[in-house]
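To be precise, the following lines are upload_1.csv, and they hold CSV, C-alpha atoms.
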chain,number,residue,atom,x,y,z
R,1,MET,CA,-15.9,-12.7,-53.5
R,2,ALA,CA,-17.8,-15.3,-55.4
R,3,HIS,CA,-21.3,-16.1,-54.2
R,4,VAL,CA,-21.6,-19.3,-52.2
R,5,HIS,CA,-24.6,-21.2,-53.6
R,6,ARG,CA,-26.9,-22.3,-50.7
R,7,VAL,CA,-28.4,-25.8,-51.0
R,8,VAL,CA,-31.2,-26.6,-48.6
R,9,VAL,CA,-32.2,-30.3,-48.2
R,10,LEU,CA,-35.8,-30.8,-47.0
R,11,ALA,CA,-36.0,-34.0,-44.9
R,12,VAL,CA,-39.5,-35.4,-44.4
R,13,ASP,CA,-40.6,-38.3,-42.2
R,14,GLY,CA,-39.5,-41.7,-43.7
R,15,VAL,CA,-36.5,-40.2,-45.5
R,16,TYR,CA,-33.9,-42.5,-46.8
R,17,PRO,CA,-30.6,-41.7,-44.9
R,18,PHE,CA,-28.4,-42.6,-47.9
R,19,GLU,CA,-30.1,-40.1,-50.3
R,20,LEU,CA,-30.5,-37.5,-47.6
R,21,GLY,CA,-26.7,-37.4,-47.3
R,22,ILE,CA,-25.9,-37.2,-51.0
R,23,PRO,CA,-26.2,-33.4,-51.5
R,24,SER,CA,-23.9,-32.7,-48.5
R,25,ARG,CA,-21.4,-35.2,-49.7
R,26,VAL,CA,-21.3,-34.1,-53.4
R,27,PHE,CA,-21.8,-30.3,-53.1
R,28,GLY,CA,-19.6,-30.3,-50.0
R,29,ALA,CA,-16.7,-31.6,-52.0
R,30,ALA,CA,-16.8,-28.6,-54.5
R,31,ASP,CA,-14.1,-26.5,-52.8
R,32,GLY,CA,-16.4,-24.2,-50.9
R,33,ARG,CA,-18.6,-23.3,-53.8
R,34,TYR,CA,-21.7,-24.5,-52.0
R,35,GLU,CA,-23.2,-24.3,-48.5
R,36,VAL,CA,-25.5,-27.2,-47.6
R,37,LEU,CA,-28.2,-27.0,-44.9
R,38,THR,CA,-30.7,-29.6,-43.8
R,39,CYS,CA,-34.1,-28.7,-42.6
R,40,SER,CA,-37.4,-30.3,-41.7
R,41,VAL,CA,-41.0,-29.0,-42.3
R,42,ASP,CA,-41.3,-28.0,-38.6
R,43,GLY,CA,-37.7,-28.0,-37.3
R,44,ARG,CA,-38.3,-31.1,-35.2
R,45,PRO,CA,-36.4,-34.5,-35.5
R,46,VAL,CA,-37.2,-36.5,-38.5
R,47,ARG,CA,-38.0,-40.2,-38.6
R,48,THR,CA,-36.0,-42.1,-41.2
R,49,ASN,CA,-36.9,-45.3,-43.0
R,50,ALA,CA,-34.1,-47.0,-41.0
R,51,ASP,CA,-34.1,-47.8,-37.3
R,52,PHE,CA,-33.1,-44.3,-36.2
R,53,SER,CA,-34.3,-40.7,-36.4
R,54,ILE,CA,-32.2,-37.6,-37.1
R,55,THR,CA,-32.0,-34.2,-35.6
R,56,VAL,CA,-31.8,-31.3,-38.0
R,57,GLU,CA,-30.4,-27.9,-37.3
R,58,HIS,CA,-33.0,-25.8,-39.2
R,59,GLY,CA,-36.7,-25.3,-39.6
R,60,PRO,CA,-38.6,-24.5,-42.8
R,61,GLU,CA,-37.5,-20.9,-42.7
R,62,ALA,CA,-34.1,-22.0,-44.1
R,63,LEU,CA,-35.8,-22.7,-47.4
R,64,HIS,CA,-36.3,-18.9,-47.9
R,65,SER,CA,-32.6,-18.3,-48.4
R,66,ALA,CA,-32.0,-21.4,-50.7
R,67,ASP,CA,-30.6,-21.1,-54.2
R,68,THR,CA,-31.4,-24.8,-54.6
R,69,VAL,CA,-33.9,-27.0,-52.7
R,70,VAL,CA,-33.4,-30.8,-52.7
R,71,ILE,CA,-36.2,-33.2,-51.7
R,72,PRO,CA,-34.8,-36.7,-51.0
R,73,PRO,CA,-36.9,-39.8,-51.3
R,74,PHE,CA,-39.0,-41.1,-48.4
R,75,THR,CA,-41.1,-44.1,-47.4
R,76,ALA,CA,-44.8,-43.5,-47.1
R,77,SER,CA,-47.9,-45.6,-47.3
R,78,PRO,CA,-49.6,-44.5,-49.3
R,79,ILE,CA,-47.4,-42.1,-51.2
R,80,PRO,CA,-49.1,-38.7,-51.0
R,81,GLN,CA,-51.2,-37.5,-54.0
R,82,GLU,CA,-51.8,-34.3,-52.1
R,83,VAL,CA,-49.3,-32.2,-50.2
R,84,PRO,CA,-49.8,-32.4,-46.4
R,85,ALA,CA,-50.6,-29.0,-44.8
R,86,ALA,CA,-47.2,-28.9,-43.0
R,87,MET,CA,-45.4,-29.4,-46.3
R,88,VAL,CA,-47.5,-26.7,-48.0
R,89,ALA,CA,-46.5,-24.3,-45.3
R,90,ALA,CA,-42.8,-25.3,-45.6
R,91,LEU,CA,-42.8,-24.9,-49.4
R,92,ALA,CA,-44.3,-21.5,-49.1
R,93,TYR,CA,-40.9,-20.3,-47.8
R,94,VAL,CA,-39.3,-21.2,-51.2
R,95,ALA,CA,-38.6,-18.0,-53.2
R,96,PRO,CA,-39.7,-17.8,-56.8
R,97,GLY,CA,-36.9,-18.9,-59.2
R,98,THR,CA,-35.3,-21.2,-56.7
R,99,ARG,CA,-33.9,-24.4,-58.4
R,100,LEU,CA,-35.9,-27.4,-57.2
R,101,VAL,CA,-34.4,-30.9,-57.2
R,102,SER,CA,-36.0,-34.2,-56.4
R,103,ILE,CA,-34.4,-37.6,-55.8
R,104,CYS,CA,-36.5,-40.7,-56.4
R,105,THR,CA,-40.0,-40.4,-54.7
R,106,GLY,CA,-39.2,-36.8,-53.9
R,107,ALA,CA,-40.8,-36.1,-57.3
R,108,PHE,CA,-44.2,-37.0,-55.8
R,109,VAL,CA,-43.9,-34.0,-53.5
R,110,LEU,CA,-43.1,-31.6,-56.4
R,111,ALA,CA,-45.9,-33.2,-58.5
R,112,ALA,CA,-48.5,-33.0,-55.7
R,113,ALA,CA,-47.6,-29.4,-55.3
R,114,GLY,CA,-48.4,-28.8,-59.0
R,115,LEU,CA,-44.8,-27.8,-59.7
R,116,LEU,CA,-44.4,-30.5,-62.5
R,117,ASN,CA,-47.6,-29.9,-64.4
R,118,GLY,CA,-46.9,-29.9,-68.1
R,119,ARG,CA,-43.2,-30.5,-67.5
R,120,PRO,CA,-40.9,-33.5,-68.2
R,121,ALA,CA,-39.9,-35.4,-65.1
R,122,THR,CA,-38.7,-38.8,-63.8
R,123,THR,CA,-38.8,-40.9,-60.7
R,124,HIS,CA,-37.8,-44.5,-59.7
R,125,TRP,CA,-39.0,-47.0,-62.3
R,126,VAL,CA,-40.7,-49.1,-59.6
R,127,VAL,CA,-43.3,-46.4,-58.9
R,128,ALA,CA,-43.5,-45.0,-62.5
R,129,ASP,CA,-47.0,-46.5,-63.1
R,130,LEU,CA,-48.3,-45.1,-59.8
R,131,PHE,CA,-46.8,-41.7,-60.6
R,132,ARG,CA,-48.6,-41.7,-64.0
R,133,ASP,CA,-51.9,-42.7,-62.5
R,134,CYS,CA,-51.6,-39.9,-59.8
R,135,PHE,CA,-50.2,-37.2,-62.0
R,136,PRO,CA,-51.2,-37.7,-65.7
R,137,GLN,CA,-50.5,-34.0,-66.3
R,138,VAL,CA,-46.7,-34.6,-65.9
R,139,ALA,CA,-44.7,-35.9,-68.9
R,140,LEU,CA,-43.0,-38.8,-67.1
R,141,ASP,CA,-39.9,-40.5,-68.6
R,142,PRO,CA,-39.0,-43.5,-66.4
R,143,ASP,CA,-36.0,-44.6,-68.6
R,144,VAL,CA,-33.6,-41.8,-67.6
R,145,LEU,CA,-31.3,-41.2,-64.6
R,146,PHE,CA,-32.4,-37.5,-64.4
R,147,ILE,CA,-34.1,-34.8,-66.3
R,148,ASP,CA,-32.9,-31.2,-66.2
R,149,ASP,CA,-35.8,-28.8,-67.1
R,150,GLY,CA,-34.0,-25.7,-66.0
R,151,ASP,CA,-35.3,-24.6,-62.6
R,152,VAL,CA,-36.8,-28.0,-61.9
R,153,VAL,CA,-34.6,-31.1,-61.9
R,154,THR,CA,-35.8,-34.6,-61.2
R,155,SER,CA,-33.9,-37.9,-60.8
R,156,ALA,CA,-34.5,-41.6,-60.5
R,157,GLY,CA,-33.8,-43.8,-57.5
R,158,ALA,CA,-30.9,-44.0,-55.0
R,159,ALA,CA,-27.6,-43.6,-56.7
R,160,SER,CA,-29.1,-41.3,-59.3
R,161,GLY,CA,-29.0,-38.7,-56.6
R,162,LEU,CA,-25.2,-38.8,-57.1
R,163,ASP,CA,-25.7,-38.4,-60.9
R,164,VAL,CA,-28.0,-35.4,-60.6
R,165,CYS,CA,-25.9,-33.6,-58.0
R,166,LEU,CA,-22.7,-34.1,-60.1
R,167,HIS,CA,-24.7,-32.9,-63.1
R,168,LEU,CA,-25.6,-29.7,-61.2
R,169,VAL,CA,-22.0,-29.1,-60.2
R,170,ARG,CA,-21.0,-29.6,-63.9
R,171,ARG,CA,-23.8,-27.2,-65.0
R,172,ASP,CA,-22.8,-24.6,-62.4
R,173,HIS,CA,-19.0,-24.8,-62.7
R,174,GLY,CA,-18.0,-27.1,-65.6
R,175,SER,CA,-16.6,-30.5,-66.0
R,176,GLU,CA,-13.2,-29.8,-64.4
R,177,VAL,CA,-14.8,-29.1,-61.0
R,178,ALA,CA,-17.4,-31.9,-61.4
R,179,ASN,CA,-14.7,-34.4,-62.3
R,180,ARG,CA,-12.7,-33.4,-59.2
R,181,VAL,CA,-15.8,-33.8,-57.0
R,182,ALA,CA,-16.4,-37.2,-58.5
R,183,ARG,CA,-12.9,-38.3,-57.7
R,184,MET,CA,-13.2,-37.1,-54.2
R,185,CYS,CA,-16.5,-39.1,-53.8
R,186,VAL,CA,-14.9,-42.1,-55.6
R,187,VAL,CA,-17.8,-42.3,-58.2
R,188,PRO,CA,-17.8,-42.0,-62.0
R,189,PRO,CA,-18.3,-38.4,-63.3
R,190,TRP,CA,-21.3,-39.7,-65.3
R,191,ARG,CA,-22.9,-43.0,-66.0
R,192,ASP,CA,-23.8,-44.3,-69.4
R,193,GLY,CA,-27.4,-45.0,-70.3
R,194,GLY,CA,-30.5,-44.5,-68.2
R,195,GLN,CA,-32.4,-46.4,-65.5
R,196,ALA,CA,-33.9,-48.6,-68.2
R,197,GLN,CA,-30.8,-50.8,-67.8
R,198,TYR,CA,-31.8,-51.4,-64.2
R,199,ILE,CA,-35.4,-52.4,-64.7
R,200,GLU,CA,-36.1,-56.0,-64.0
R,201,GLN,CA,-35.8,-58.0,-67.2
R,202,PRO,CA,-34.4,-61.4,-68.2
R,203,VAL,CA,-30.7,-61.7,-67.5
R,204,PRO,CA,-28.6,-62.4,-70.6
R,205,GLU,CA,-27.1,-65.9,-70.7
R,206,THR,CA,-23.8,-65.9,-68.8
R,207,THR,CA,-22.1,-67.7,-71.7
R,208,ALA,CA,-22.8,-64.7,-74.0
R,209,ASN,CA,-20.1,-62.1,-74.6
R,210,GLY,CA,-20.6,-58.6,-73.2
R,211,THR,CA,-20.0,-55.3,-74.9
R,212,ALA,CA,-17.8,-53.7,-72.3
R,213,ALA,CA,-14.6,-54.3,-74.2
R,214,ALA,CA,-16.0,-52.8,-77.3
R,215,ARG,CA,-17.1,-49.7,-75.4
R,216,GLN,CA,-13.7,-49.3,-73.9
R,217,TRP,CA,-12.1,-49.7,-77.4
R,218,ALA,CA,-14.5,-47.1,-78.8
R,219,LEU,CA,-13.5,-44.6,-76.1
R,220,GLU,CA,-9.9,-45.1,-77.0
R,221,ASN,CA,-10.7,-44.5,-80.7
R,222,LEU,CA,-13.3,-41.8,-80.6
R,223,HIS,CA,-11.3,-39.8,-83.2
R,224,GLN,CA,-12.0,-42.5,-85.7
R,225,PRO,CA,-15.3,-42.7,-87.8
R,226,LEU,CA,-16.5,-45.8,-85.9
R,227,THR,CA,-19.4,-47.9,-87.2
R,228,LEU,CA,-21.6,-50.5,-85.7
R,229,SER,CA,-19.7,-53.1,-87.6
R,230,ASP,CA,-16.4,-51.9,-86.0
R,231,LEU,CA,-17.9,-52.3,-82.5
R,232,ALA,CA,-19.5,-55.7,-83.3
R,233,LYS,CA,-16.2,-57.0,-84.5
R,234,GLN,CA,-14.6,-56.0,-81.2
R,235,SER,CA,-17.1,-58.2,-79.4
R,236,HIS,CA,-17.0,-61.0,-82.0
R,237,MET,CA,-20.8,-60.7,-82.6
R,238,SER,CA,-23.1,-60.3,-85.5
R,239,LEU,CA,-24.6,-56.8,-85.9
R,240,ARG,CA,-28.0,-57.9,-84.7
R,241,THR,CA,-26.7,-59.7,-81.6
R,242,PHE,CA,-24.3,-56.8,-80.7
R,243,ALA,CA,-27.0,-54.2,-81.0
R,244,ARG,CA,-29.4,-56.2,-78.9
R,245,ARG,CA,-26.8,-56.9,-76.2
R,246,PHE,CA,-25.6,-53.3,-76.2
R,247,ASN,CA,-29.1,-52.0,-75.6
R,248,GLU,CA,-29.6,-54.6,-72.8
R,249,GLU,CA,-26.4,-53.5,-71.0
R,250,VAL,CA,-26.3,-49.8,-71.6
R,251,GLY,CA,-30.0,-48.9,-72.1
R,252,MET,CA,-29.6,-47.2,-75.5
R,253,SER,CA,-28.4,-47.9,-79.0
R,254,PRO,CA,-24.7,-48.0,-79.9
R,255,GLY,CA,-25.2,-44.9,-82.2
R,256,ARG,CA,-26.8,-42.8,-79.5
R,257,TRP,CA,-24.1,-43.9,-77.0
R,258,LEU,CA,-21.3,-42.9,-79.4
R,259,ILE,CA,-22.7,-39.5,-79.9
R,260,GLN,CA,-23.0,-39.0,-76.1
R,261,GLN,CA,-19.3,-40.0,-75.6
R,262,ARG,CA,-18.2,-37.7,-78.5
R,263,LEU,CA,-20.1,-34.8,-77.0
R,264,ALA,CA,-18.8,-35.5,-73.5
R,265,ARG,CA,-15.2,-35.4,-74.8
R,266,ALA,CA,-16.0,-32.3,-76.9
R,267,ARG,CA,-17.4,-30.5,-73.9
R,268,HIS,CA,-14.3,-31.3,-71.8
R,269,LEU,CA,-12.0,-29.9,-74.6
R,270,LEU,CA,-14.1,-26.8,-75.0
R,271,GLU,CA,-13.7,-26.2,-71.3
R,272,SER,CA,-10.1,-27.1,-70.8
R,273,THR,CA,-8.4,-26.1,-74.1
R,274,ASP,CA,-8.2,-23.3,-76.6
R,275,LEU,CA,-8.5,-25.6,-79.6
R,276,ALA,CA,-10.6,-24.4,-82.5
R,277,VAL,CA,-14.1,-26.0,-82.9
R,278,ASP,CA,-13.1,-27.8,-86.1
R,279,GLU,CA,-10.0,-29.3,-84.3
R,280,ILE,CA,-12.2,-30.5,-81.4
R,281,ALA,CA,-14.7,-32.0,-83.9
R,282,ALA,CA,-11.9,-33.9,-85.5
R,283,GLN,CA,-10.5,-35.1,-82.2
R,284,VAL,CA,-13.8,-36.5,-81.0
R,285,GLY,CA,-14.8,-38.1,-84.3
R,286,PHE,CA,-17.4,-35.8,-85.8
R,287,ALA,CA,-17.0,-35.6,-89.6
R,288,ALA,CA,-17.1,-31.7,-89.5
R,289,ASP,CA,-17.5,-28.9,-87.1
R,290,THR,CA,-21.1,-28.4,-88.4
R,291,SER,CA,-21.9,-31.9,-87.1
R,292,LEU,CA,-20.5,-31.0,-83.6
R,293,ARG,CA,-22.5,-27.8,-83.6
R,294,GLN,CA,-25.7,-29.6,-84.6
R,295,HIS,CA,-25.4,-32.4,-82.0
R,296,LEU,CA,-24.3,-30.1,-79.2
R,297,HIS,CA,-27.2,-27.7,-79.9
R,298,ALA,CA,-29.6,-30.7,-79.9
R,299,ALA,CA,-28.3,-31.9,-76.6
R,300,ILE,CA,-28.0,-28.8,-74.6
R,301,GLY,CA,-29.3,-26.0,-76.7
R,302,VAL,CA,-26.1,-23.9,-77.2
R,303,SER,CA,-23.3,-23.6,-79.8
R,304,PRO,CA,-19.8,-24.7,-79.0
R,305,LEU,CA,-18.5,-21.1,-78.6
R,306,ALA,CA,-21.4,-20.1,-76.4
R,307,TYR,CA,-20.7,-23.2,-74.2
R,308,ARG,CA,-17.0,-22.3,-74.0
R,309,ARG,CA,-17.7,-18.8,-73.0
R,310,THR,CA,-20.0,-19.9,-70.3
R,311,PHE,CA,-17.8,-22.5,-68.7
R,312,ARG,CA,-14.4,-21.1,-69.3
R,313,GLY,CA,-15.8,-17.9,-67.7
R,314,ALA,CA,-17.2,-19.8,-64.8
R,315,LEU,CA,-14.0,-21.7,-64.2
R,316,SER,CA,-11.9,-18.5,-64.3
R,317,SER,CA,-14.1,-16.6,-61.9
R,318,ASN,CA,-14.0,-19.4,-59.3
R,319,ARG,CA,-10.3,-20.1,-59.3
Could you express the structure from this file as structure tokens?
Amino acid sequence: MAHVHRVVVLAVDGVYPFELGIPSRVFGAADGRYEVLTCSVDGRPVRTNADFSITVEHGPEALHSADTVVIPPFTASPIPQEVPAAMVAALAYVAPGTRLVSICTGAFVLAAAGLLNGRPATTHWVVADLFRDCFPQVALDPDVLFIDDGDVVTSAGAASGLDVCLHLVRRDHGSEVANRVARMCVVPPWRDGGQAQYIEQPVPETTANGTAAARQWALENLHQPLTLSDLAKQSHMSLRTFARRFNEEVGMSPGRWLIQQRLARARHLLESTDLAVDEIAAQVGFAADTSLRQHLHAAIGVSPLAYRRTFRGALSSNR
């Protein structure tokens, strides 16, 4: 019988109810592959940032049996730069090697506990400057939706909790399972760009054309050797205007976005078909299989065949 991965969500005073419920909703839709428990630092009811409190079924001892621990965001004034004694005692239950995940300001707890020192991490862009001031030893990147650093995974604000939980399902069981979970939750399997697209900035003029139609056209023609000129023509813009508008709307350059889409399609084909690597490279628009290998290795650190072995094996063993 396949191991059921236990996810334990640690609710702290001031927790946001929406984000607190994300792990249960996402992991709970993965056909029994996960068990989700919610605990508090002392087993007592937890005050939320809304007009109600919640009663949890477990105390901090539940953390000892966790395969993954999730720390949702919370409201606190001031946000802690040191871990409170009760939190220190609770985190002591976490076994070495347990995967740690933070959503939004949950990263402050991991950082204050010294668990992010020298590591890349992210949090909500609104508190990015405060985070840098408090924890200069952490390599903060406030422009991304989440950062997967192996056994520690951090994510940005609110809905990025959905992004990171779906990412972990994809990492654990492949895109087929993650896509099915996303459909059950009525959310996209992944979102383009990073949180840079949500940072407050001047709104483009409403009379200006957007780039959404060009992106959709590109997705329908990934097998073609698309250029920036091709995309700009679809939006009836000059190259410079298109590149600027694209970055404003998506949070990255058209070239980087195209590579991401080609890799996403390639990963799906590696998981769901027996096509040769050179055939997949051609179908997703890479000039040669060597280009696919290079980009995939740069993105996730493995070769196409190693990726296929990992996820086809994971899918087979869980069916």
One decimal, in Å: what's the spacing between atom CA of R:Thr154 and atom CA of R:Ser102?
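Taking atom CA of R:Thr154 and atom CA of R:Ser102, their separation equals 4.8 Å.
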Two-atom distance - atom CA of R:Gly210, atom CA of R:Ala281 (Å):
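Atom-to-atom, atom CA of R:Gly210 and atom CA of R:Ala281 are spaced 29.3 Å apart.
Note that atom CA of R:Glu19 and atom CA of R:Met184 are 17.6 Å apart.
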Name all residues at most 8 Å from R:Ala66 (count all atoms listed in the file; drop same-chain ones fewer than 4 positions away) and give them as JSON, numbers by chain.
{"R": [5, 6, 7, 8, 62, 94, 95, 98]}
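Checking R:Ala287, R:Ala299, R:Val15, R:Leu166 one by one against R:Ala50, counting all atoms listed in the file, you find the shortest gap at R:Val15.
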